[in-house]
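Engineer: So here's target_29.cif (mmCIF, C-alpha atoms).
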```cif
data_target
#
loop_
_atom_site.label_atom_id
_atom_site.label_comp_id
_atom_site.auth_asym_id
_atom_site.auth_seq_id
_atom_site.Cartn_x
_atom_site.Cartn_y
_atom_site.Cartn_z
CA MET A 1 -125.65 3.40 -138.00
CA ASN A 2 -126.55 6.32 -135.76
CA LYS A 3 -124.13 7.52 -133.10
CA MET A 4 -125.13 8.54 -129.60
CA LYS A 5 -124.57 12.00 -128.19
CA ARG A 6 -124.34 10.79 -124.62
CA VAL A 7 -124.37 7.60 -122.61
CA ALA A 8 -125.41 7.17 -118.97
CA LEU A 9 -123.66 4.19 -117.41
CA ILE A 10 -125.02 3.19 -113.99
CA VAL A 11 -123.33 0.54 -111.86
CA LEU A 12 -125.63 -1.04 -109.27
CA ASP A 13 -122.92 -1.94 -106.78
CA GLY A 14 -122.86 -5.61 -105.82
CA VAL A 15 -125.94 -6.64 -107.84
CA GLY A 16 -124.63 -9.94 -109.23
CA CYS A 17 -126.84 -12.56 -110.88
CA GLY A 18 -125.34 -15.99 -110.18
CA TRP A 19 -121.95 -17.48 -109.44
CA GLN A 20 -119.35 -17.65 -112.20
CA GLN A 21 -117.82 -20.86 -113.48
CA ASP A 22 -114.66 -20.17 -111.48
CA ALA A 23 -116.49 -19.31 -108.24
CA GLN A 24 -115.08 -22.36 -106.49
CA LYS A 25 -111.69 -20.59 -106.38
CA TYR A 26 -113.32 -17.91 -104.23
CA GLY A 27 -115.56 -20.09 -102.07
CA ASP A 28 -118.61 -18.57 -103.75
CA VAL A 29 -120.37 -21.52 -105.39
CA GLY A 30 -124.06 -21.03 -104.72
CA ALA A 31 -123.96 -17.22 -104.53
CA ASP A 32 -126.77 -15.52 -106.46
CA THR A 33 -127.43 -11.98 -105.29
CA LEU A 34 -130.44 -11.12 -107.45
CA GLY A 35 -131.86 -14.63 -107.36
CA HIS A 36 -131.80 -14.89 -103.58
CA VAL A 37 -133.11 -11.36 -103.02
CA TYR A 38 -135.98 -11.95 -105.43
CA GLN A 39 -136.74 -15.38 -103.99
CA GLN A 40 -136.97 -14.06 -100.43
CA GLU A 41 -138.47 -10.58 -100.88
CA LYS A 42 -140.03 -10.36 -104.37
CA PRO A 43 -139.07 -6.68 -104.76
CA ALA A 44 -141.44 -4.57 -106.86
CA ILE A 45 -139.13 -3.41 -109.67
CA PRO A 46 -141.42 -3.07 -112.72
CA ASN A 47 -139.16 -0.65 -114.60
CA LEU A 48 -136.02 -2.75 -114.21
CA GLU A 49 -138.07 -5.81 -115.09
CA GLU A 50 -139.32 -4.07 -118.24
CA LEU A 51 -135.71 -3.34 -119.23
CA GLY A 52 -134.91 -7.05 -118.85
CA LEU A 53 -133.18 -7.34 -115.47
CA LEU A 54 -135.03 -10.42 -114.26
CA LYS A 55 -134.92 -12.10 -117.67
CA ALA A 56 -131.15 -11.53 -117.81
CA ALA A 57 -130.82 -13.10 -114.36
CA GLY A 58 -132.91 -16.12 -115.36
CA ILE A 59 -135.60 -15.32 -112.79
CA GLU A 60 -139.06 -16.64 -113.67
CA THR A 61 -141.88 -14.24 -112.79
CA GLY A 62 -144.81 -15.74 -114.66
CA SER A 63 -145.09 -12.65 -116.85
CA GLU A 64 -145.37 -13.15 -120.60
CA ASP A 65 -144.34 -9.57 -121.40
CA GLU A 66 -141.10 -9.29 -123.34
CA PRO A 67 -138.47 -6.76 -122.19
CA ILE A 68 -138.17 -3.48 -124.07
CA GLY A 69 -134.49 -3.22 -123.14
CA CYS A 70 -131.56 -5.19 -124.49
CA PHE A 71 -130.33 -7.62 -121.85
CA GLY A 72 -127.72 -10.22 -121.03
CA THR A 73 -125.03 -11.17 -118.52
CA MET A 74 -121.28 -10.68 -118.31
CA GLU A 75 -118.52 -12.64 -116.58
CA GLU A 76 -115.50 -10.97 -115.04
CA ALA A 77 -112.36 -11.88 -116.95
CA ALA A 78 -109.90 -10.55 -114.36
CA ALA A 79 -109.19 -12.39 -111.13
CA GLY A 80 -110.82 -10.89 -108.07
CA LYS A 81 -114.21 -9.68 -106.95
CA ASP A 82 -113.50 -6.18 -105.71
CA THR A 83 -114.87 -2.80 -106.70
CA THR A 84 -111.73 -1.50 -108.40
CA THR A 85 -111.13 -4.59 -110.54
CA GLY A 86 -114.77 -4.66 -111.62
CA HIS A 87 -115.05 -0.98 -112.50
CA TRP A 88 -111.73 -0.93 -114.33
CA GLU A 89 -112.81 -3.90 -116.43
CA ILE A 90 -116.14 -2.21 -117.18
CA ALA A 91 -114.03 0.72 -118.37
CA GLY A 92 -111.93 -1.47 -120.69
CA LEU A 93 -108.91 -2.17 -118.48
CA THR A 94 -108.61 -5.87 -117.56
CA LEU A 95 -106.08 -6.64 -114.84
CA ASP A 96 -103.63 -9.43 -115.62
CA LYS A 97 -102.98 -10.17 -111.94
CA PRO A 98 -105.14 -9.58 -108.88
CA PHE A 99 -104.54 -6.94 -106.24
CA PRO A 100 -102.97 -8.30 -103.00
CA THR A 101 -105.32 -9.43 -100.23
CA TYR A 102 -104.58 -10.04 -96.55
CA PRO A 103 -106.69 -12.85 -95.04
CA ASN A 104 -104.43 -12.87 -91.95
CA GLY A 105 -104.03 -9.10 -91.63
CA PHE A 106 -101.17 -6.92 -92.81
CA PRO A 107 -97.51 -7.73 -92.10
CA GLU A 108 -96.35 -6.27 -88.78
CA GLU A 109 -93.50 -4.38 -90.42
CA LEU A 110 -96.00 -2.65 -92.72
CA ILE A 111 -98.20 -1.68 -89.77
CA ARG A 112 -95.16 -0.33 -87.87
CA GLU A 113 -94.12 1.72 -90.89
CA PHE A 114 -97.64 3.14 -91.15
CA GLU A 115 -97.75 3.98 -87.43
CA GLU A 116 -94.43 5.78 -87.62
CA ALA A 117 -95.53 7.74 -90.68
CA VAL A 118 -98.78 9.00 -89.11
CA GLY A 119 -97.58 9.24 -85.50
CA LEU A 120 -100.42 7.08 -84.15
CA GLU A 121 -100.74 3.51 -82.95
CA THR A 122 -103.26 1.07 -84.43
CA ILE A 123 -105.57 -1.71 -83.28
CA GLY A 124 -107.37 -4.42 -85.23
CA ASN A 125 -105.30 -5.48 -88.24
CA LYS A 126 -107.59 -8.29 -89.36
CA PRO A 127 -110.33 -8.99 -91.89
CA ALA A 128 -113.65 -7.83 -90.49
CA SER A 129 -117.07 -6.41 -91.23
CA GLY A 130 -116.91 -2.62 -90.95
CA THR A 131 -119.92 -2.32 -88.68
CA GLN A 132 -118.81 -5.17 -86.44
CA ILE A 133 -115.25 -3.96 -85.96
CA ILE A 134 -116.27 -0.48 -84.81
CA GLU A 135 -118.61 -2.06 -82.27
CA GLU A 136 -115.79 -4.34 -81.12
CA LEU A 137 -112.91 -1.85 -81.09
CA GLY A 138 -114.70 1.51 -80.98
CA PRO A 139 -114.59 1.73 -77.17
CA GLU A 140 -110.82 1.12 -77.10
CA HIS A 141 -110.38 3.65 -79.90
CA LEU A 142 -112.27 6.26 -77.87
CA ARG A 143 -110.13 5.55 -74.77
CA THR A 144 -106.76 5.47 -76.50
CA GLY A 145 -107.06 7.38 -79.80
CA LYS A 146 -105.55 4.40 -81.64
CA LEU A 147 -106.64 4.01 -85.26
CA ILE A 148 -108.76 0.97 -86.18
CA VAL A 149 -107.10 -0.71 -89.17
CA TYR A 150 -108.77 -3.65 -90.89
CA THR A 151 -109.24 -5.34 -94.25
CA SER A 152 -111.69 -7.76 -95.91
CA ALA A 153 -111.71 -10.35 -98.67
CA ASP A 154 -111.13 -7.38 -101.00
CA SER A 155 -107.81 -5.65 -101.57
CA VAL A 156 -108.43 -2.83 -99.09
CA PHE A 157 -106.62 -1.08 -96.26
CA GLN A 158 -109.42 0.44 -94.18
CA ILE A 159 -108.98 2.97 -91.39
CA ALA A 160 -111.86 3.70 -89.02
CA ALA A 161 -111.92 6.57 -86.55
CA HIS A 162 -114.56 8.43 -84.55
CA GLU A 163 -115.10 11.92 -85.94
CA ALA A 164 -114.75 13.40 -82.42
CA ILE A 165 -111.26 11.83 -82.11
CA ILE A 166 -110.00 12.18 -85.69
CA PRO A 167 -111.96 14.73 -87.79
CA PRO A 168 -112.73 13.51 -91.34
CA ALA A 169 -110.24 15.82 -93.04
CA GLU A 170 -107.47 14.53 -90.77
CA LEU A 171 -108.50 10.93 -91.44
CA TRP A 172 -108.38 11.58 -95.17
CA HIS A 173 -104.84 12.95 -94.75
CA ILE A 174 -103.87 9.80 -92.86
CA CYS A 175 -105.30 7.72 -95.69
CA ARG A 176 -103.27 9.65 -98.24
CA ILE A 177 -100.13 8.81 -96.25
CA ALA A 178 -101.15 5.13 -96.24
CA ARG A 179 -101.78 5.30 -99.99
CA ARG A 180 -98.22 6.53 -100.56
CA LEU A 181 -96.82 3.71 -98.41
CA LEU A 182 -98.85 0.94 -99.99
CA LYS A 183 -96.99 0.34 -103.23
CA GLY A 184 -95.14 -2.48 -104.95
CA GLU A 185 -96.18 -5.85 -103.52
CA HIS A 186 -98.52 -4.06 -101.10
CA ALA A 187 -100.27 -1.90 -103.70
CA VAL A 188 -103.81 -2.60 -102.49
CA GLY A 189 -106.69 -1.56 -104.69
CA ARG A 190 -108.07 0.98 -102.23
CA VAL A 191 -107.29 2.72 -98.96
CA ILE A 192 -110.64 3.61 -97.40
CA ALA A 193 -111.42 6.20 -94.72
CA ARG A 194 -114.26 4.93 -92.50
CA PRO A 195 -115.32 7.73 -90.13
CA PHE A 196 -118.04 7.03 -87.57
CA ILE A 197 -119.97 8.82 -84.83
CA GLY A 198 -122.11 7.93 -81.82
CA GLU A 199 -121.74 6.43 -78.38
CA VAL A 200 -120.57 3.01 -77.25
CA GLY A 201 -123.22 0.52 -78.29
CA SER A 202 -124.67 2.76 -81.00
CA PHE A 203 -121.87 3.70 -83.38
CA THR A 204 -122.87 4.77 -86.91
CA ARG A 205 -120.67 5.20 -89.97
CA THR A 206 -121.02 8.57 -91.70
CA ASP A 207 -121.13 9.79 -95.30
CA ASN A 208 -117.59 11.16 -94.94
CA ARG A 209 -116.10 7.96 -96.32
CA ARG A 210 -113.41 8.47 -98.95
CA ASP A 211 -111.66 5.89 -101.15
CA PHE A 212 -108.06 6.40 -102.25
CA SER A 213 -107.48 4.08 -105.19
CA VAL A 214 -104.28 3.03 -106.83
CA ASP A 215 -103.83 4.81 -110.15
CA PRO A 216 -105.19 2.80 -113.11
CA THR A 217 -102.39 0.69 -114.55
CA GLY A 218 -103.35 1.40 -118.15
CA LYS A 219 -105.75 3.40 -120.31
CA THR A 220 -109.44 3.30 -119.49
CA MET A 221 -112.53 4.40 -121.40
CA LEU A 222 -112.45 7.58 -119.33
CA ASP A 223 -108.92 8.42 -120.54
CA VAL A 224 -109.83 7.71 -124.16
CA LEU A 225 -112.97 9.82 -124.13
CA LYS A 226 -111.41 12.75 -122.30
CA GLY A 227 -108.41 12.64 -124.63
CA GLU A 228 -110.71 12.84 -127.65
CA GLY A 229 -112.55 15.86 -126.29
CA TYR A 230 -115.67 14.23 -124.87
CA ASP A 231 -117.21 15.15 -121.53
CA VAL A 232 -116.69 12.49 -118.84
CA LEU A 233 -118.88 13.03 -115.78
CA GLY A 234 -118.56 10.99 -112.59
CA VAL A 235 -121.21 10.48 -109.91
CA GLY A 236 -120.65 8.95 -106.48
CA LYS A 237 -117.39 7.14 -105.85
CA ILE A 238 -116.37 6.94 -109.52
CA GLU A 239 -113.77 9.68 -108.99
CA ASP A 240 -112.24 7.65 -106.15
CA ILE A 241 -112.19 4.36 -108.08
CA PHE A 242 -110.29 5.94 -110.97
CA ASN A 243 -108.16 8.15 -108.73
CA HIS A 244 -109.71 11.26 -110.33
CA ARG A 245 -108.25 10.30 -113.71
CA GLY A 246 -110.11 10.74 -116.99
CA LEU A 247 -112.93 12.88 -115.61
CA THR A 248 -113.91 16.35 -116.78
CA ASN A 249 -116.44 16.91 -113.97
CA SER A 250 -117.64 15.01 -110.92
CA ASN A 251 -120.24 15.04 -108.16
CA HIS A 252 -119.12 13.02 -105.14
CA ALA A 253 -122.69 12.46 -103.97
CA ALA A 254 -123.14 10.02 -101.07
CA GLY A 255 -125.96 7.49 -101.04
CA ASN A 256 -128.25 6.33 -103.82
CA GLU A 257 -130.85 9.07 -103.55
CA ALA A 258 -128.24 11.83 -103.77
CA CYS A 259 -126.50 10.02 -106.64
CA VAL A 260 -129.74 9.68 -108.61
CA ASP A 261 -130.40 13.38 -108.00
CA ALA A 262 -126.93 14.13 -109.40
CA ILE A 263 -127.53 11.92 -112.46
CA ILE A 264 -130.78 13.73 -113.16
CA GLU A 265 -129.19 17.16 -112.76
CA TYR A 266 -126.48 16.25 -115.26
CA LEU A 267 -129.04 14.85 -117.73
CA LYS A 268 -131.12 18.03 -117.52
CA LYS A 269 -128.16 19.95 -118.94
CA ASP A 270 -128.02 19.59 -122.69
CA HIS A 271 -124.60 21.12 -123.35
CA TRP A 272 -122.43 18.06 -122.69
CA LYS A 273 -121.54 15.22 -125.04
CA GLY A 274 -119.99 11.99 -123.85
CA LEU A 275 -120.25 9.74 -120.81
CA LEU A 276 -122.00 9.99 -117.46
CA PHE A 277 -120.61 7.24 -115.20
CA ALA A 278 -122.36 6.64 -111.86
CA ASN A 279 -122.00 4.17 -109.01
CA LEU A 280 -124.98 3.45 -106.73
CA VAL A 281 -123.38 1.96 -103.65
CA ASP A 282 -126.22 1.34 -101.18
CA THR A 283 -127.04 -2.20 -102.30
CA ASP A 284 -123.46 -3.22 -101.54
CA MET A 285 -122.37 -1.02 -98.64
CA LEU A 286 -125.56 -0.79 -96.59
CA TYR A 287 -127.21 -4.13 -97.29
CA GLY A 288 -125.04 -6.71 -99.06
CA HIS A 289 -122.19 -6.51 -96.56
CA ARG A 290 -124.66 -6.57 -93.67
CA ASN A 291 -126.62 -9.62 -94.91
CA ASP A 292 -129.76 -7.49 -95.05
CA VAL A 293 -131.90 -9.08 -97.76
CA LYS A 294 -134.93 -6.90 -97.04
CA GLY A 295 -132.86 -3.71 -97.16
CA PHE A 296 -131.23 -4.84 -100.41
CA ALA A 297 -134.65 -5.38 -101.97
CA GLY A 298 -135.77 -1.97 -100.72
CA ALA A 299 -132.76 -0.29 -102.34
CA LEU A 300 -133.61 -1.91 -105.69
CA GLU A 301 -137.21 -0.72 -105.34
CA ALA A 302 -136.09 2.81 -104.50
CA PHE A 303 -133.89 2.99 -107.62
CA ASP A 304 -136.66 1.48 -109.74
CA ARG A 305 -139.04 4.25 -108.68
CA ARG A 306 -136.56 6.89 -109.89
CA LEU A 307 -135.64 5.10 -113.13
CA PRO A 308 -138.43 6.69 -115.25
CA GLU A 309 -137.02 10.13 -114.44
CA ILE A 310 -133.71 9.07 -115.97
CA LEU A 311 -135.27 7.46 -119.04
CA LYS A 312 -137.30 10.58 -119.85
CA LEU A 313 -134.17 12.75 -119.90
CA LEU A 314 -132.02 10.63 -122.24
CA GLY A 315 -133.51 12.08 -125.42
CA GLU A 316 -133.43 10.56 -128.89
CA ASP A 317 -129.64 10.37 -129.00
CA GLY A 318 -129.02 9.04 -125.49
CA MET A 319 -128.32 5.53 -124.26
CA LEU A 320 -128.60 4.02 -120.78
CA ILE A 321 -126.52 1.04 -119.69
CA ILE A 322 -127.11 -0.57 -116.30
CA THR A 323 -124.73 -3.18 -114.94
CA ALA A 324 -122.84 -4.22 -111.77
CA ASP A 325 -119.24 -4.66 -110.66
CA HIS A 326 -119.45 -7.97 -108.70
CA GLY A 327 -121.88 -9.77 -106.42
CA CYS A 328 -122.58 -9.10 -102.74
CA ASP A 329 -125.17 -11.73 -101.88
CA PRO A 330 -126.90 -10.76 -98.61
CA ALA A 331 -128.30 -14.29 -98.30
CA PHE A 332 -124.87 -15.95 -98.60
CA PRO A 333 -122.97 -17.02 -95.45
CA THR A 334 -120.37 -14.25 -95.71
CA THR A 335 -120.29 -10.47 -95.47
CA ASP A 336 -117.85 -10.22 -98.38
CA HIS A 337 -118.28 -9.70 -102.11
CA THR A 338 -119.17 -12.77 -104.18
CA ARG A 339 -117.69 -13.90 -107.50
CA GLU A 340 -120.71 -13.60 -109.78
CA LYS A 341 -121.84 -12.80 -113.26
CA VAL A 342 -123.48 -9.39 -113.59
CA PRO A 343 -126.47 -8.24 -115.61
CA VAL A 344 -126.08 -5.81 -118.49
CA LEU A 345 -129.06 -3.80 -119.74
CA ALA A 346 -129.16 -1.24 -122.56
CA TRP A 347 -132.00 1.07 -123.55
CA GLY A 348 -132.49 4.11 -125.73
CA LEU A 349 -134.98 5.56 -128.18
CA GLY A 350 -132.44 4.93 -130.93
CA LEU A 351 -131.98 1.26 -130.05
CA ASN A 352 -133.78 -1.94 -130.92
CA GLU A 353 -136.01 -3.47 -128.27
CA GLY A 354 -135.61 -6.83 -126.59
CA VAL A 355 -132.26 -7.87 -128.07
CA GLU A 356 -130.74 -10.77 -126.14
CA LEU A 357 -127.05 -10.06 -125.58
CA GLY A 358 -126.23 -13.55 -124.32
CA GLU A 359 -123.54 -14.49 -121.81
CA ARG A 360 -120.61 -12.22 -122.47
CA LYS A 361 -117.10 -13.16 -121.39
CA THR A 362 -115.86 -9.86 -120.02
CA PHE A 363 -117.19 -6.71 -118.37
CA ALA A 364 -115.08 -4.80 -120.91
CA ASP A 365 -117.77 -5.31 -123.55
CA VAL A 366 -119.50 -2.31 -121.91
CA SER A 367 -116.63 0.08 -122.67
CA ALA A 368 -116.21 -1.28 -126.20
CA THR A 369 -119.92 -0.66 -126.82
CA ILE A 370 -119.86 2.86 -125.37
CA LEU A 371 -116.79 3.87 -127.37
CA GLU A 372 -118.42 2.68 -130.59
CA ALA A 373 -121.78 4.23 -129.72
CA LEU A 374 -120.22 7.65 -129.15
CA GLY A 375 -118.05 7.43 -132.26
CA ALA A 376 -114.76 7.51 -130.38
CA ARG A 377 -111.65 6.43 -132.26
CA GLY A 378 -109.90 4.69 -129.38
CA ARG A 379 -110.36 0.99 -128.66
CA LEU A 380 -109.64 -1.00 -125.50
CA ASP A 381 -110.49 -4.49 -124.23
CA GLY A 382 -113.82 -6.12 -124.98
CA THR A 383 -116.19 -6.67 -127.90
CA SER A 384 -118.83 -4.09 -128.72
CA PHE A 385 -122.48 -5.14 -128.96
CA TYR A 386 -123.54 -1.76 -130.35
CA LYS A 387 -124.21 -3.08 -133.88
CA GLU A 388 -126.54 -5.68 -132.37
CA ILE A 389 -128.71 -3.11 -130.61
CA ALA A 390 -128.54 0.06 -132.76
CA LEU A 391 -131.31 0.87 -135.22
CA ASP A 392 -130.16 0.81 -138.83
#
```
For the file at hand, write its structure as structure tokens.

Structural biologist:
Amino acid sequence: MNKMKRVALIVLDGVGCGWQQDAQKYGDVGADTLGHVYQQEKPAIPNLEELGLLKAAGIETGSEDEPIGCFGTMEEAAAGKDTTTGHWEIAGLTLDKPFPTYPNGFPEELIREFEEAVGLETIGNKPASGTQIIEELGPEHLRTGKLIVYTSADSVFQIAAHEAIIPPAELWHICRIARRLLKGEHAVGRVIARPFIGEVGSFTRTDNRRDFSVDPTGKTMLDVLKGEGYDVLGVGKIEDIFNHRGLTNSNHAAGNEACVDAIIEYLKKDHWKGLLFANLVDTDMLYGHRNDVKGFAGALEAFDRRLPEILKLLGEDGMLIITADHGCDPAFPTTDHTREKVPVLAWGLGLNEGVELGERKTFADVSATILEALGARGRLDGTSFYKEIALD
């Protein structure tokens, strides 16, 4: 069985494909990100469709063409529906208990400790949509200089500030202080800097967002590959999600177009051997959380148009895997993530075509497959499907 020289793993953030069996625990029965987006907007995604995305999601298109990619779905084994939990499981680390969440805001003593540590007062301290809370509290923030602190259904401590009041570098420093404070029972998955600009009534969040994740609680695929001498390249917020651990190089590109450009630039270089791990965040951040079905469909179309550029650069010993980390259904009555299955697609010139991968029980099957495909010795959670898809 042939081994791969390099694997490109692309996470389409928030692109779930139907609620999981345990979705009732999360209030997400009925969520179906891809299904609802396709039903309402019929996005033109011929390349993703050819790889098997719609077939994996159980979406009927009337086409009789069979996919050339290998396709299936995966359920999340760990509790939760946040970015960190999903990405860690994709990378072979399944959490045995969920990160803490704060549906009623953070404890007052924790907020006081944070204020004392940074020397600034705060406002907010509640779950909220990021765009809505800066419209609501941005004017007070401009008048007083108080930091806007908020959370969501995810395990996040988010700090918003206008760049004219708190420059991005200073906000990042404040977030690092928060990250050091948030430990033990309050070890949230991520502290997120949310800088914005503009005038009252027309605030806009900027690309100077930074995520400060808790350190992975065990070994991930990135650690294994780096430890065995492979190249591990991150694109987008991957370096934040894994707290810069296990990477040999990274491009913190912001936005899908810049991230695809970075993927292509890495693939054009033939000297590396190992893993390219990218997150494309726009579907989640710009459209899923804002209940923008049309925008979500447009983001899928934009990626689909660039996909042939990626496929052409993989070479005979390259493999592409496309998946997601959770759902973020823009047609669902919430602005939060949704507990959903995710699609998993695999393609390469050295792979069989059209293999049905079934309904897999953990995201960790991705890491198990990649480790086997590259010939790595280390093993983590999950069951590899590489033997099912590799040419003899």

Engineer: Please build the interface table for stretch 68-144 of chain A against stretch 49-57 of chain A with a cut-off of 10 Å, listing for each qualifying residue the nearest atom pair and the distance in Å to one decimal; count all atoms listed in the file, order rows by chain and increasing number, and write it as a tab-separated table.

Structural biologist:
```
residue	atom	partner	partner_atom	distance
A:Ile68	CA	A:Leu51	CA	5.4
A:Gly69	CA	A:Leu51	CA	4.1
A:Cys70	CA	A:Gly52	CA	6.8
A:Phe71	CA	A:Gly52	CA	5.5
A:Gly72	CA	A:Ala56	CA	4.9
A:Thr73	CA	A:Ala56	CA	6.2
A:Met74	CA	A:Ala56	CA	9.9
```

Engineer: Write a file of the just-selected residues containing C-alpha atoms, as a PDB file, keeping the file's coordinate frame.

Structural biologist:
```pdb
ATOM      1  CA  ILE A  68    -138.170  -3.480-124.070  1.00  0.00           C
ATOM      2  CA  GLY A  69    -134.490  -3.220-123.140  1.00  0.00           C
ATOM      3  CA  CYS A  70    -131.560  -5.190-124.490  1.00  0.00           C
ATOM      4  CA  PHE A  71    -130.330  -7.620-121.850  1.00  0.00           C
ATOM      5  CA  GLY A  72    -127.720 -10.220-121.030  1.00  0.00           C
ATOM      6  CA  THR A  73    -125.030 -11.170-118.520  1.00  0.00           C
ATOM      7  CA  MET A  74    -121.280 -10.680-118.310  1.00  0.00           C
TER       8      MET A  74
END
```

Engineer: I'd like the interatomic distance between atom CA of A:Ala324 and atom CA of A:Gly30, to a tenth of an Å.

Structural biologist: 18.3 Å

Engineer: Quote the spacing between atom CA of A:Val281 and atom CA of A:Asp13 in Å to one decimal place.

Structural biologist: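 So the answer is 5.0 Å.
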
Engineer: Check which residues satisfy the PyMOL selection byres ((chain A and resi 136) around 12) in the file shown, then give them as a PyMOL selection string.

Structural biologist: chain A and resi 123-124+128-135+137-142+148+160+200-203

Engineer: Go through stretch 282-385 of chain A and flag each residue having an atom no more than 8 Å from stretch 208-224 of chain A; for those, report the closest pair of atoms plus their distance in Å to one decimal, using all atoms listed in the file, ordered by chain and rising number, as a tab-separated table.

Structural biologist:
```
residue	atom	partner	partner_atom	distance
A:Ser367	CA	A:Met221	CA	6.1
A:Leu371	CA	A:Met221	CA	7.4
A:Ala376	CA	A:Val224	CA	7.9
A:Gly378	CA	A:Val224	CA	6.0
A:Leu380	CA	A:Met221	CA	7.4
```

Engineer: When the PyMOL selection byres ((chain A and resi 42) around 12) is applied to the structure above, which residues does it catch, written out as JSON, numbers by chain?

Structural biologist: {"A": [34, 35, 36, 37, 38, 39, 40, 41, 43, 44, 45, 46, 49, 54, 59, 60, 61, 293, 294, 296, 297, 298, 300, 301]}

Engineer: Residues as selected, C-alpha atoms, written as a short mmCIF file (atom, residue, chain, number, x, y, z; two decimals), in the frame of the given file, can you do that?

Structural biologist:
```cif
data_model
loop_
_atom_site.label_atom_id
_atom_site.label_comp_id
_atom_site.auth_asym_id
_atom_site.auth_seq_id
_atom_site.Cartn_x
_atom_site.Cartn_y
_atom_site.Cartn_z
CA LEU A 34 -130.44 -11.12 -107.45
CA GLY A 35 -131.86 -14.63 -107.36
CA HIS A 36 -131.80 -14.89 -103.58
CA VAL A 37 -133.11 -11.36 -103.02
CA TYR A 38 -135.98 -11.95 -105.43
CA GLN A 39 -136.74 -15.38 -103.99
CA GLN A 40 -136.97 -14.06 -100.43
CA GLU A 41 -138.47 -10.58 -100.88
CA PRO A 43 -139.07 -6.68 -104.76
CA ALA A 44 -141.44 -4.57 -106.86
CA ILE A 45 -139.13 -3.41 -109.67
CA PRO A 46 -141.42 -3.07 -112.72
CA GLU A 49 -138.07 -5.81 -115.09
CA LEU A 54 -135.03 -10.42 -114.26
CA ILE A 59 -135.60 -15.32 -112.79
CA GLU A 60 -139.06 -16.64 -113.67
CA THR A 61 -141.88 -14.24 -112.79
CA VAL A 293 -131.90 -9.08 -97.76
CA LYS A 294 -134.93 -6.90 -97.04
CA PHE A 296 -131.23 -4.84 -100.41
CA ALA A 297 -134.65 -5.38 -101.97
CA GLY A 298 -135.77 -1.97 -100.72
CA LEU A 300 -133.61 -1.91 -105.69
CA GLU A 301 -137.21 -0.72 -105.34
#
```
